[in-house]
>>> print(open('upload_38.txt').read())   # compact mmCIF, C-alpha atoms
# COMPACT_ATOMS: atom_id res chain seq x y z
CA MET K 299 -126.33 -69.30 -55.13
CA LEU K 300 -123.82 -67.59 -57.36
CA GLY K 301 -121.56 -69.95 -59.19
CA GLN K 302 -124.25 -72.60 -59.25
CA THR K 303 -125.32 -73.97 -62.60
CA ASP K 304 -128.25 -75.80 -64.01
CA ALA K 305 -126.04 -78.79 -64.59
CA PRO K 306 -127.74 -82.05 -63.77
CA THR K 307 -127.22 -83.13 -60.20
CA ALA K 308 -127.26 -86.72 -61.22
CA ALA K 309 -127.05 -88.54 -64.48
CA GLY K 310 -125.97 -91.76 -66.03
CA GLY K 311 -125.12 -94.44 -63.53
CA VAL K 312 -126.35 -92.49 -60.49
CA PRO K 313 -130.11 -92.61 -60.03
CA GLU K 314 -131.40 -89.12 -59.34
CA GLN K 315 -133.95 -90.35 -56.85
CA ALA K 316 -131.36 -92.04 -54.68
CA PRO K 317 -128.48 -89.61 -54.11
CA MET K 318 -127.29 -91.52 -51.06
CA VAL K 319 -126.85 -94.76 -52.98
CA PRO K 320 -123.38 -95.20 -54.52
CA ALA K 321 -123.31 -96.34 -58.12
CA PRO K 322 -120.65 -98.87 -59.06
CA PHE K 323 -117.85 -97.54 -61.25
CA ALA K 324 -114.90 -99.65 -62.37
CA VAL K 325 -111.35 -98.32 -62.54
CA SER K 326 -110.44 -98.33 -66.23
CA ALA K 327 -107.04 -96.63 -66.00
CA ARG K 328 -104.74 -95.29 -63.32
CA ARG K 329 -101.64 -93.12 -63.34
CA GLN K 330 -99.33 -91.96 -60.59
CA ASP K 331 -98.90 -88.18 -60.66
CA ALA K 332 -96.77 -87.74 -57.56
CA GLU K 333 -95.47 -89.81 -54.70
CA ASP K 334 -98.84 -89.80 -52.93
CA THR K 335 -101.19 -88.73 -55.74
CA TRP K 336 -102.95 -90.85 -58.36
CA THR K 337 -105.33 -90.11 -61.20
CA LEU K 338 -108.03 -92.70 -61.79
CA GLU K 339 -110.36 -93.06 -64.76
CA LEU K 340 -113.68 -94.63 -63.93
CA GLN K 341 -116.41 -96.12 -66.09
CA PRO K 342 -119.95 -96.83 -64.88
CA ARG K 343 -120.78 -100.50 -64.61
CA ALA K 344 -124.17 -99.66 -66.11
CA GLY K 345 -125.67 -96.68 -67.88
CA VAL K 346 -123.97 -93.74 -69.55
CA PRO K 347 -121.01 -91.73 -68.26
CA LEU K 348 -121.63 -89.23 -65.50
CA ALA K 349 -122.59 -85.75 -66.70
CA PHE K 350 -121.15 -82.95 -64.60
CA ALA K 351 -120.20 -79.30 -64.68
CA PRO K 352 -116.59 -78.16 -64.07
CA GLY K 353 -116.05 -77.60 -60.37
CA GLN K 354 -118.47 -80.24 -59.10
CA PHE K 355 -117.45 -83.17 -56.93
CA THR K 356 -118.53 -86.70 -56.20
CA MET K 357 -118.58 -88.74 -53.03
CA LEU K 358 -116.17 -91.51 -53.89
CA SER K 359 -116.01 -94.68 -51.85
CA ALA K 360 -113.72 -97.63 -51.56
CA PHE K 361 -115.86 -100.39 -50.14
CA GLY K 362 -114.82 -101.26 -46.62
CA ALA K 363 -112.55 -98.23 -46.30
CA GLY K 364 -114.82 -95.20 -46.44
CA GLU K 365 -116.25 -92.40 -48.55
CA VAL K 366 -114.65 -89.05 -49.34
CA PRO K 367 -115.55 -85.96 -51.38
CA ILE K 368 -113.31 -85.69 -54.44
CA SER K 369 -113.52 -83.00 -57.10
CA ILE K 370 -113.97 -84.20 -60.63
CA SER K 371 -110.88 -83.52 -62.72
CA GLY K 372 -112.03 -84.90 -66.07
CA ASP K 373 -113.46 -83.29 -69.17
CA SER K 374 -117.08 -82.19 -68.81
CA ALA K 375 -117.45 -82.49 -72.59
CA GLY K 376 -117.21 -86.26 -72.36
CA GLY K 377 -115.02 -89.23 -71.59
CA PRO K 378 -114.52 -91.20 -68.42
CA LEU K 379 -115.08 -89.92 -64.92
CA VAL K 380 -111.64 -88.75 -63.79
CA HIS K 381 -110.51 -88.17 -60.23
CA THR K 382 -107.07 -87.10 -59.03
CA VAL K 383 -106.71 -88.26 -55.46
CA ARG K 384 -104.06 -87.66 -52.85
CA ALA K 385 -103.62 -90.42 -50.30
CA VAL K 386 -104.00 -88.74 -46.92
CA GLY K 387 -106.10 -91.26 -44.99
CA LEU K 388 -107.67 -94.67 -45.00
CA ALA K 389 -110.28 -94.06 -47.72
CA THR K 390 -108.08 -92.03 -50.06
CA GLN K 391 -105.26 -94.56 -49.63
CA ALA K 392 -107.61 -97.36 -50.64
CA ILE K 393 -108.88 -95.37 -53.62
CA CYS K 394 -105.34 -94.61 -54.77
CA GLU K 395 -104.44 -98.28 -54.51
CA ALA K 396 -107.48 -99.49 -56.47
CA PRO K 397 -106.20 -101.50 -59.43
CA VAL K 398 -107.73 -101.46 -62.91
CA GLY K 399 -110.99 -103.39 -62.80
CA GLU K 400 -111.73 -102.69 -59.15
CA VAL K 401 -115.15 -101.23 -58.44
CA LEU K 402 -115.52 -98.01 -56.48
CA GLY K 403 -118.72 -96.33 -55.36
CA VAL K 404 -119.73 -92.96 -56.81
CA ARG K 405 -122.43 -90.59 -55.61
CA GLY K 406 -123.08 -87.31 -57.33
CA PRO K 407 -122.09 -85.09 -58.99
CA PHE K 408 -122.79 -82.50 -56.32
CA GLY K 409 -122.30 -78.81 -55.74
CA SER K 410 -121.81 -75.61 -57.66
CA ALA K 411 -119.61 -75.05 -60.68
CA TRP K 412 -117.02 -72.66 -62.05
CA PRO K 413 -118.85 -69.93 -64.00
CA VAL K 414 -117.12 -70.70 -67.30
CA GLU K 415 -120.00 -69.48 -69.47
CA GLU K 416 -120.86 -66.38 -67.43
CA ILE K 417 -117.30 -65.06 -67.73
CA GLU K 418 -117.02 -65.20 -71.51
CA GLY K 419 -115.21 -62.17 -72.89
CA ALA K 420 -113.06 -61.68 -69.80
CA ASP K 421 -109.39 -62.30 -69.14
CA VAL K 422 -109.37 -65.38 -66.92
CA VAL K 423 -106.67 -65.94 -64.31
CA VAL K 424 -106.70 -69.49 -63.00
CA VAL K 425 -104.70 -69.84 -59.78
CA ALA K 426 -104.01 -73.31 -58.46
CA GLY K 427 -102.02 -74.55 -55.52
CA GLY K 428 -100.95 -78.16 -55.08
CA ILE K 429 -103.72 -80.64 -55.75
CA GLY K 430 -106.01 -77.63 -56.24
CA LEU K 431 -105.18 -77.91 -59.92
CA ALA K 432 -107.37 -81.04 -60.12
CA PRO K 433 -110.73 -79.27 -59.53
CA LEU K 434 -109.64 -76.55 -61.94
CA ARG K 435 -108.69 -78.94 -64.74
CA PRO K 436 -112.28 -79.29 -66.06
CA ALA K 437 -112.60 -75.50 -66.08
CA ILE K 438 -109.33 -75.14 -67.99
CA LEU K 439 -110.46 -77.72 -70.54
CA ALA K 440 -113.80 -75.94 -70.95
CA LEU K 441 -112.08 -72.56 -71.38
CA LEU K 442 -109.71 -73.99 -73.98
CA ASP K 443 -112.57 -75.70 -75.84
CA ARG K 444 -114.01 -72.21 -76.39
CA ARG K 445 -110.70 -70.38 -76.44
CA GLU K 446 -111.92 -67.68 -78.85
CA ARG K 447 -114.62 -66.55 -76.42
CA TYR K 448 -112.18 -65.31 -73.79
CA GLY K 449 -109.46 -62.72 -73.53
CA ARG K 450 -106.14 -63.78 -72.05
CA LEU K 451 -106.16 -67.12 -70.28
CA LEU K 452 -103.54 -67.56 -67.58
CA LEU K 453 -102.71 -70.41 -65.27
CA LEU K 454 -100.62 -69.57 -62.22
CA TYR K 455 -99.76 -72.85 -60.58
CA GLY K 456 -97.76 -73.46 -57.45
CA GLY K 457 -96.58 -76.68 -55.88
CA ARG K 458 -94.47 -77.85 -53.00
CA SER K 459 -91.63 -79.11 -55.18
CA PRO K 460 -91.08 -80.03 -58.84
CA GLU K 461 -91.81 -83.67 -58.02
CA GLN K 462 -95.23 -82.76 -56.61
CA LEU K 463 -96.50 -80.93 -59.69
CA LEU K 464 -99.53 -82.42 -61.44
CA TYR K 465 -100.29 -82.87 -65.13
CA THR K 466 -96.84 -81.65 -66.16
CA GLN K 467 -97.07 -82.94 -69.74
CA GLU K 468 -100.56 -81.57 -70.10
CA LEU K 469 -99.38 -78.11 -69.05
CA GLU K 470 -97.34 -77.94 -72.26
CA ARG K 471 -100.33 -78.97 -74.37
CA TRP K 472 -102.49 -76.36 -72.69
CA ALA K 473 -99.84 -73.72 -73.38
CA ALA K 474 -99.88 -74.70 -77.06
CA ARG K 475 -103.65 -74.13 -77.09
CA GLY K 476 -103.44 -70.59 -75.80
CA LEU K 477 -103.09 -70.84 -72.03
CA GLU K 478 -100.27 -68.74 -70.57
CA VAL K 479 -98.79 -71.04 -67.96
CA ALA K 480 -96.56 -69.93 -65.08
CA VAL K 481 -95.43 -72.56 -62.62
CA THR K 482 -93.64 -72.03 -59.34
CA VAL K 483 -92.54 -74.29 -56.51
CA ASP K 484 -91.89 -73.56 -52.86
CA SER K 485 -88.51 -75.21 -52.89
CA ALA K 486 -86.22 -76.85 -55.39
CA GLY K 487 -82.68 -77.90 -56.04
CA PRO K 488 -80.43 -76.26 -58.61
CA GLU K 489 -81.59 -78.68 -61.33
CA TRP K 490 -85.03 -77.01 -61.40
CA LEU K 491 -84.89 -74.16 -63.90
CA GLY K 492 -88.39 -72.80 -63.31
CA HIS K 493 -89.69 -70.30 -60.78
CA VAL K 494 -89.12 -70.73 -57.07
CA GLY K 495 -91.43 -68.80 -54.79
CA VAL K 496 -95.07 -68.64 -53.82
CA VAL K 497 -98.07 -68.30 -56.12
CA PRO K 498 -99.12 -64.78 -55.04
CA ARG K 499 -95.80 -63.53 -56.37
CA LEU K 500 -96.80 -64.83 -59.80
CA VAL K 501 -99.88 -62.60 -59.67
CA HIS K 502 -97.65 -59.54 -59.49
CA ARG K 503 -95.87 -60.61 -62.67
CA ALA K 504 -98.89 -61.77 -64.65
CA ARG K 505 -100.20 -59.59 -67.45
CA PHE K 506 -103.96 -59.25 -67.72
CA ASP K 507 -106.61 -56.56 -67.75
CA PRO K 508 -107.37 -56.09 -64.06
CA ALA K 509 -110.53 -54.09 -64.74
CA GLY K 510 -112.32 -56.99 -66.36
CA ALA K 511 -110.37 -60.05 -65.29
CA VAL K 512 -111.98 -62.95 -63.47
CA ALA K 513 -109.97 -65.24 -61.21
CA LEU K 514 -110.68 -68.89 -60.42
CA LEU K 515 -108.84 -70.15 -57.34
CA CYS K 516 -108.31 -73.51 -55.75
CA GLY K 517 -105.69 -74.52 -53.24
CA PRO K 518 -104.96 -74.40 -49.53
CA GLU K 519 -107.05 -71.71 -47.86
CA VAL K 520 -104.00 -69.75 -46.69
CA MET K 521 -102.64 -69.69 -50.23
CA MET K 522 -105.99 -68.44 -51.53
CA ARG K 523 -106.12 -65.67 -48.93
CA PHE K 524 -102.70 -64.40 -49.92
CA THR K 525 -103.59 -64.76 -53.60
CA VAL K 526 -106.78 -62.75 -53.18
CA ALA K 527 -104.73 -60.01 -51.51
CA ALA K 528 -102.32 -60.01 -54.46
CA LEU K 529 -105.23 -59.93 -56.92
CA ALA K 530 -106.79 -57.01 -55.04
CA GLN K 531 -103.47 -55.19 -55.21
CA ALA K 532 -103.48 -55.82 -58.95
CA GLY K 533 -107.01 -54.38 -59.24
CA VAL K 534 -109.19 -57.51 -59.23
CA ASP K 535 -111.82 -57.24 -56.51
CA GLY K 536 -113.54 -60.09 -54.70
CA GLU K 537 -116.66 -59.79 -56.84
CA ARG K 538 -114.66 -61.25 -59.72
CA VAL K 539 -112.87 -63.93 -57.78
CA TYR K 540 -114.27 -67.45 -57.41
CA ALA K 541 -112.81 -70.04 -55.08
CA SER K 542 -113.41 -73.72 -54.50
CA MET K 543 -113.67 -74.52 -50.81
CA GLU K 544 -112.96 -77.68 -48.89
CA ARG K 545 -114.87 -78.70 -45.79
CA ASN K 546 -116.01 -81.94 -44.21
CA MET K 547 -118.57 -82.95 -46.83
CA GLN K 548 -120.34 -86.17 -45.91
CA CYS K 549 -123.87 -86.47 -47.27
CA GLY K 550 -123.24 -84.30 -50.33
CA ILE K 551 -126.83 -83.13 -50.50
CA GLY K 552 -127.13 -80.53 -47.76
CA HIS K 553 -128.77 -82.69 -45.11
CA CYS K 554 -126.17 -83.56 -42.51
CA GLY K 555 -124.66 -80.11 -41.95
CA HIS K 556 -121.08 -81.30 -41.44
CA CYS K 557 -119.77 -78.94 -44.10
CA GLN K 558 -121.42 -75.79 -42.82
CA LEU K 559 -119.54 -72.59 -43.63
CA GLY K 560 -121.36 -69.59 -42.20
CA PRO K 561 -124.95 -69.81 -43.37
CA THR K 562 -124.01 -72.06 -46.29
CA LEU K 563 -123.36 -75.73 -46.78
CA VAL K 564 -120.31 -76.32 -48.94
CA CYS K 565 -121.68 -79.52 -50.48
CA ARG K 566 -124.84 -77.77 -51.63
CA ASP K 567 -123.98 -74.05 -51.99
CA GLY K 568 -120.30 -74.64 -52.84
CA PRO K 569 -117.72 -75.82 -53.35
CA VAL K 570 -117.36 -72.93 -55.80
CA TYR K 571 -118.18 -69.57 -54.23
CA ARG K 572 -117.78 -65.98 -55.20
CA TRP K 573 -115.03 -64.71 -52.88
CA SER K 574 -116.93 -61.56 -51.88
CA GLU K 575 -119.69 -63.76 -50.44
CA LEU K 576 -117.24 -65.92 -48.62
CA GLU K 577 -114.62 -63.66 -47.12
CA ARG K 578 -116.64 -62.50 -44.12
CA TRP K 579 -117.02 -66.12 -43.00
CA LEU K 580 -113.39 -66.96 -43.62
CA ALA K 581 -112.42 -64.09 -41.33
CA ILE K 582 -114.00 -65.98 -38.41
CA ARG K 583 -111.45 -68.39 -36.99
CA GLU K 584 -112.33 -72.05 -36.70
CA LEU K 585 -115.47 -71.58 -38.79
CA MET T 202 -83.53 -48.97 -76.95
CA GLN T 203 -84.26 -47.45 -73.55
CA THR T 204 -81.73 -45.23 -71.82
CA LEU T 205 -80.65 -45.95 -68.27
CA ASP T 206 -82.75 -43.03 -67.05
CA GLU T 207 -85.82 -44.47 -68.76
CA LEU T 208 -85.19 -47.98 -67.45
CA ILE T 209 -84.87 -46.72 -63.90
CA ALA T 210 -87.91 -44.46 -64.13
CA ALA T 211 -90.01 -47.36 -65.45
CA ALA T 212 -89.00 -49.80 -62.70
CA PRO T 213 -91.70 -50.46 -60.08
CA MET T 214 -89.09 -50.03 -57.34
CA PHE T 215 -88.51 -46.41 -58.31
CA ALA T 216 -92.09 -45.50 -59.26
CA GLY T 217 -93.14 -42.07 -58.06
CA LEU T 218 -89.67 -40.74 -57.32
CA ALA T 219 -88.98 -37.10 -58.10
CA PRO T 220 -87.00 -36.48 -61.32
CA GLU T 221 -84.05 -35.06 -59.38
CA HIS T 222 -83.88 -38.23 -57.27
CA LEU T 223 -84.13 -40.44 -60.35
CA ALA T 224 -81.22 -38.49 -61.82
CA LEU T 225 -79.16 -39.03 -58.66
CA ILE T 226 -79.87 -42.76 -58.77
CA ALA T 227 -79.11 -43.01 -62.49
CA ALA T 228 -75.74 -41.37 -61.88
CA CYS T 229 -74.81 -44.44 -59.76
CA ALA T 230 -76.06 -46.98 -62.32
CA SER T 231 -74.67 -48.93 -65.25
CA ASN T 232 -75.82 -51.68 -67.59
CA GLU T 233 -74.29 -55.12 -67.07
CA ARG T 234 -74.73 -58.65 -68.33
CA PHE T 235 -74.14 -61.99 -66.63
CA ASP T 236 -73.76 -65.33 -68.37
CA ALA T 237 -75.79 -68.33 -67.24
CA GLY T 238 -74.24 -69.73 -64.08
CA GLU T 239 -72.35 -66.56 -63.24
CA TYR T 240 -72.84 -65.08 -59.79
CA LEU T 241 -74.16 -61.57 -59.26
CA PHE T 242 -73.00 -61.82 -55.67
CA ARG T 243 -71.76 -64.45 -53.22
CA GLU T 244 -72.59 -64.99 -49.57
CA GLY T 245 -70.15 -63.28 -47.24
CA ALA T 246 -68.67 -60.94 -49.84
CA PRO T 247 -68.89 -57.16 -49.40
CA ALA T 248 -72.33 -55.90 -50.41
CA ASP T 249 -71.69 -52.68 -52.23
CA ARG T 250 -74.15 -53.06 -55.14
CA PHE T 251 -77.67 -54.03 -56.03
CA PHE T 252 -79.33 -54.96 -59.29
CA LEU T 253 -82.53 -54.24 -61.19
CA ILE T 254 -83.20 -57.24 -63.40
CA ARG T 255 -84.00 -56.32 -66.98
CA THR T 256 -83.97 -59.72 -68.65
CA GLY T 257 -83.51 -63.31 -67.56
CA ALA T 258 -83.89 -64.97 -64.20
CA VAL T 259 -81.73 -64.92 -61.08
CA SER T 260 -81.89 -67.47 -58.29
CA LEU T 261 -81.22 -66.64 -54.67
CA GLU T 262 -79.43 -69.61 -53.18
CA VAL T 263 -78.05 -70.90 -49.91
CA ASP T 264 -75.34 -73.49 -50.04
CA ALA T 265 -76.11 -76.30 -47.62
CA PRO T 266 -73.32 -78.81 -46.96
CA GLY T 267 -74.30 -82.17 -48.38
CA ARG T 268 -77.36 -80.75 -50.13
CA GLY T 269 -75.79 -78.37 -52.58
CA ALA T 270 -77.23 -75.03 -53.58
CA LEU T 271 -80.81 -74.68 -52.37
CA VAL T 272 -82.87 -72.21 -54.35
CA ILE T 273 -84.85 -69.95 -52.01
CA GLU T 274 -86.48 -67.77 -54.63
CA THR T 275 -86.14 -66.79 -58.24
CA LEU T 276 -86.20 -63.18 -59.36
CA HIS T 277 -87.27 -61.93 -62.75
CA GLN T 278 -87.68 -58.84 -64.90
CA GLY T 279 -88.51 -55.81 -62.78
CA ASP T 280 -87.34 -57.39 -59.50
CA VAL T 281 -84.50 -55.94 -57.47
CA ALA T 282 -81.77 -58.26 -56.23
CA GLY T 283 -79.85 -57.23 -53.13
CA TRP T 284 -80.59 -55.08 -50.13
CA SER T 285 -77.55 -55.91 -47.96
CA TRP T 286 -75.82 -52.84 -49.39
CA LEU T 287 -78.24 -50.77 -47.27
CA PHE T 288 -77.57 -52.37 -43.91
CA GLU T 289 -74.49 -53.01 -41.83
CA PRO T 290 -72.30 -55.03 -41.95
CA TYR T 291 -72.79 -54.66 -45.74
CA ARG T 292 -72.16 -58.34 -46.50
CA TRP T 293 -74.23 -60.54 -48.80
CA GLU T 294 -76.28 -63.12 -46.94
CA LEU T 295 -77.13 -65.26 -49.99
CA ASP T 296 -75.73 -66.22 -53.36
CA ALA T 297 -77.40 -64.74 -56.44
CA ARG T 298 -76.79 -66.72 -59.62
CA ALA T 299 -77.87 -66.09 -63.20
CA ARG T 300 -80.02 -69.05 -64.32
CA GLU T 301 -79.75 -67.90 -67.93
CA PRO T 302 -78.13 -64.91 -69.62
CA VAL T 303 -79.21 -61.98 -67.48
CA GLY T 304 -79.29 -58.27 -68.20
CA VAL T 305 -79.34 -55.90 -65.24
CA VAL T 306 -79.01 -52.32 -64.26
CA ALA T 307 -76.29 -52.45 -61.60
CA PHE T 308 -76.25 -49.77 -58.91
CA ASP T 309 -73.21 -48.68 -56.96
CA GLY T 310 -74.41 -48.95 -53.37
CA LEU T 311 -71.52 -46.95 -51.93
CA CYS T 312 -72.26 -44.10 -54.31
CA LEU T 313 -75.98 -44.21 -53.47
CA ARG T 314 -75.47 -44.49 -49.72
CA GLY T 315 -73.30 -41.40 -49.88
CA LYS T 316 -76.04 -39.50 -51.70
CA CYS T 317 -78.64 -40.69 -49.19
CA ASP T 318 -76.47 -39.40 -46.33
CA VAL T 319 -76.47 -35.97 -47.94
CA ASP T 320 -80.08 -35.97 -49.22
CA HIS T 321 -82.24 -37.48 -46.50
CA GLU T 322 -85.40 -37.18 -48.59
CA LEU T 323 -83.79 -39.45 -51.19
CA GLY T 324 -82.74 -41.80 -48.39
CA TYR T 325 -86.26 -41.85 -46.96
CA GLN T 326 -87.86 -42.50 -50.34
CA LEU T 327 -85.44 -45.29 -51.14
CA MET T 328 -85.80 -46.83 -47.69
CA ARG T 329 -89.62 -46.80 -48.06
CA ARG T 330 -89.37 -48.68 -51.33
CA PHE T 331 -86.86 -51.22 -50.09
CA ALA T 332 -88.92 -51.72 -46.93
CA ALA T 333 -92.00 -52.46 -49.07
CA SER T 334 -90.00 -54.95 -51.11
CA LEU T 335 -88.64 -56.53 -47.92
CA THR T 336 -92.15 -56.83 -46.49
CA GLU T 337 -93.49 -58.47 -49.62
CA ARG T 338 -90.62 -60.93 -49.75
CA LEU T 339 -90.89 -61.62 -46.01
CA GLN T 340 -94.59 -62.43 -46.42
CA ALA T 341 -93.78 -64.74 -49.31
CA THR T 342 -91.12 -66.47 -47.23
CA ARG T 343 -93.61 -66.93 -44.37
CA LEU T 344 -96.02 -68.55 -46.79
CA GLN T 345 -93.23 -70.85 -47.99
CA LEU T 346 -92.44 -71.77 -44.38
CA LEU T 347 -96.07 -72.71 -43.77
CA ASP T 348 -95.60 -75.55 -46.26
CA VAL T 349 -99.27 -75.20 -47.17
CA TYR T 350 -99.20 -78.00 -49.73
CA GLY T 351 -97.76 -80.46 -47.26
CA HIS T 352 -100.72 -80.46 -44.89
CA ALA T 353 -103.87 -81.97 -46.34
CA ARG T 354 -107.11 -82.59 -44.48
CA ALA T 355 -107.01 -86.29 -43.60
CA ASP T 356 -110.03 -88.46 -44.35
>>> encode(input="upload_38.txt", output="structure tokens")
Amino acid sequence: MLGQTDAPTAAGGVPEQAPMVPAPFAVSARRQDAEDTWTLELQPRAGVPLAFAPGQFTMLSAFGAGEVPISISGDSAGGPLVHTVRAVGLATQAICEAPVGEVLGVRGPFGSAWPVEEIEGADVVVVAGGIGLAPLRPAILALLDRRERYGRLLLLYGGRSPEQLLYTQELERWAARGLEVAVTVDSAGPEWLGHVGVVPRLVHRARFDPAGAVALLCGPEVMMRFTVAALAQAGVDGERVYASMERNMQCGIGHCGHCQLGPTLVCRDGPVYRWSELERWLAIREL
Amino acid sequence: MQTLDELIAAAPMFAGLAPEHLALIAACASNERFDAGEYLFREGAPADRFFLIRTGAVSLEVDAPGRGALVIETLHQGDVAGWSWLFEPYRWELDARAREPVGVVAFDGLCLRGKCDVDHELGYQLMRRFAASLTERLQATRLQLLDVYGHARAD
């Protein structure tokens, strides 16, 4: 599967032979990013930190509330396991409310990764919408760690409102390290001095070499569709566009079939896909 | 320092126009500057101009009682602000305010409408370009209306 890496599927606190068994991780730090969104740092109760590749996800559980797939938003070079979670249901609400010291269950990491090494030498356009910036954060950190190996690095990031934007202080640090950051919101009051408008409009204004550029996308599916159209208009075809997909992942290891997308299973073959392999399935409604 | 003719010829809105049409458009144009906070146009006022933004950012706003000025969209270098000059009743439907010092090429809409009435090929070419801009902005507005970030898959 394109986009997949040889990254370990399990390491540290998660026994490889038992991918369905959650490993206990304790909340070591928590931060509120937006009204309904929290970033948690997790440390394994035993063993070494979880090794993962940018783009992968874990199945994260709050005991007694449920288990949900959450993309890893930490640094793949090391440090704690980091998840940015939006409270949209029982399980995610419980995870967001977990205080420091509380133990959560972690299975994984699972799935394919952003092709950060394969795209060395290219201009990279990272396009994020809403909480879609969280799965892209490890890729951004990896790109910036090897900044000299890439051409222009751009982040086009859209949110619902200024209050809903993630990692706002970090955006400035990334810009200082060579990431060209453009942020836009769907709506704002007069106090907001940044862009107002949708992310695809940022594509039209961005400066990159369309012939060799690679785009990494994550956000609501509608936003990604419009963004791909804008990228195509700019000269970036679907072969050079990668997108992280969201479906109803449950087992995480390609057994239960809940996350089927066409002939693929998002938990196993995704969540990161090459757009050209995906678009025919996305054209089928309700798939 | 680019001349007005060069600025207009380089603008995406006027890409591909014949030199004689570019010259007709340039004859209706002038350079202008707006200070931060100054309005390029106000809702309800006669719409007899439009603007090609050279530098700075312009916000399109609607004043909502009790909520203040709501920013619908921001426009930047290369964008065109204003199409009400093309359509009756030739009144602005939004406010356009400079968010910072803004440099524009300002076009006299009355002058250009008159030339379009005489030269229908110019009118057709301009209408095609404004229609494309309208379509793009309409699509963007639809995407905004979908509120895509407000609807997450519940667990």
>>> closest_residue(input="upload_38.txt", among="K:Asp421, K:Glu489, K:Glu333, K:Glu446", to="K:Leu514", atoms="only C-alpha atoms")
K:Asp421
>>> residues_near_point(input="upload_38.txt", point="(-101.1, -76.2, -63.7)", cutoff="12 Å", atoms="all atoms listed in the file", output="VMD selection string")
chain K and resid 423 to 439 452 to 457 460 462 to 473 477 to 483 497 515 to 517
>>> atom_distance(input="upload_38.txt", atom1="atom CA of K:Gly353", atom2="atom CA of K:Ala474")
23.4 Å
>>> closest_residue(input="upload_38.txt", among="K:Val496, K:Ile551, K:Ala532, K:Val398", to="T:Leu276", atoms="only C-alpha atoms")
K:Val496
>>> atom_distance(input="upload_38.txt", atom1="atom CA of K:Gln354", atom2="atom CA of K:Pro569")
7.3 Å
>>> interface_residues(input="upload_38.txt", of="chain T", to="chain K", cutoff="7 Å", atoms="only C-alpha atoms", output="tab-separated table (two decimals) with C-alpha atoms, in the coordinates of the input")
chain	number	residue	atom	x	y	z
T	270	ALA	CA	-77.23	-75.03	-53.58
T	271	LEU	CA	-80.81	-74.68	-52.37
T	272	VAL	CA	-82.87	-72.21	-54.35
T	273	ILE	CA	-84.85	-69.95	-52.01
T	274	GLU	CA	-86.48	-67.77	-54.63
T	275	THR	CA	-86.14	-66.79	-58.24
T	341	ALA	CA	-93.78	-64.74	-49.31
T	345	GLN	CA	-93.23	-70.85	-47.99
T	349	VAL	CA	-99.27	-75.20	-47.17
T	350	TYR	CA	-99.20	-78.00	-49.73
T	353	ALA	CA	-103.87	-81.97	-46.34
T	355	ALA	CA	-107.01	-86.29	-43.60
T	356	ASP	CA	-110.03	-88.46	-44.35
>>> residues_around(input="upload_38.txt", residues="T:Arg314", least_positions_apart="3", cutoff="12 Å", atoms="all atoms listed in the file", output="PDB file with C-alpha atoms, in the frame of the given file")
ATOM      1  CA  LEU T 225     -79.160 -39.030 -58.660  1.00  0.00           C
ATOM      2  CA  ILE T 226     -79.870 -42.760 -58.770  1.00  0.00           C
ATOM      3  CA  CYS T 229     -74.810 -44.440 -59.760  1.00  0.00           C
ATOM      4  CA  ALA T 248     -72.330 -55.900 -50.410  1.00  0.00           C
ATOM      5  CA  ASP T 249     -71.690 -52.680 -52.230  1.00  0.00           C
ATOM      6  CA  ARG T 250     -74.150 -53.060 -55.140  1.00  0.00           C
ATOM      7  CA  PHE T 251     -77.670 -54.030 -56.030  1.00  0.00           C
ATOM      8  CA  TRP T 284     -80.590 -55.080 -50.130  1.00  0.00           C
ATOM      9  CA  SER T 285     -77.550 -55.910 -47.960  1.00  0.00           C
ATOM     10  CA  TRP T 286     -75.820 -52.840 -49.390  1.00  0.00           C
ATOM     11  CA  LEU T 287     -78.240 -50.770 -47.270  1.00  0.00           C
ATOM     12  CA  PHE T 288     -77.570 -52.370 -43.910  1.00  0.00           C
ATOM     13  CA  GLU T 289     -74.490 -53.010 -41.830  1.00  0.00           C
ATOM     14  CA  TYR T 291     -72.790 -54.660 -45.740  1.00  0.00           C
ATOM     15  CA  PHE T 308     -76.250 -49.770 -58.910  1.00  0.00           C
ATOM     16  CA  ASP T 309     -73.210 -48.680 -56.960  1.00  0.00           C
ATOM     17  CA  GLY T 310     -74.410 -48.950 -53.370  1.00  0.00           C
ATOM     18  CA  LEU T 311     -71.520 -46.950 -51.930  1.00  0.00           C
ATOM     19  CA  CYS T 317     -78.640 -40.690 -49.190  1.00  0.00           C
ATOM     20  CA  ASP T 318     -76.470 -39.400 -46.330  1.00  0.00           C
ATOM     21  CA  VAL T 319     -76.470 -35.970 -47.940  1.00  0.00           C
ATOM     22  CA  ASP T 320     -80.080 -35.970 -49.220  1.00  0.00           C
ATOM     23  CA  HIS T 321     -82.240 -37.480 -46.500  1.00  0.00           C
ATOM     24  CA  LEU T 323     -83.790 -39.450 -51.190  1.00  0.00           C
ATOM     25  CA  GLY T 324     -82.740 -41.800 -48.390  1.00  0.00           C
ATOM     26  CA  TYR T 325     -86.260 -41.850 -46.960  1.00  0.00           C
ATOM     27  CA  LEU T 327     -85.440 -45.290 -51.140  1.00  0.00           C
ATOM     28  CA  MET T 328     -85.800 -46.830 -47.690  1.00  0.00           C
TER      29      MET T 328
END
>>> closest_residue(input="upload_38.txt", among="K:His381, K:Pro347, K:Pro317, K:Pro342", to="K:Gln330", atoms="all atoms listed in the file")
K:His381
>>> atom_distance(input="upload_38.txt", atom1="atom CA of K:Glu577", atom2="atom CA of T:Leu344")
19.2 Å
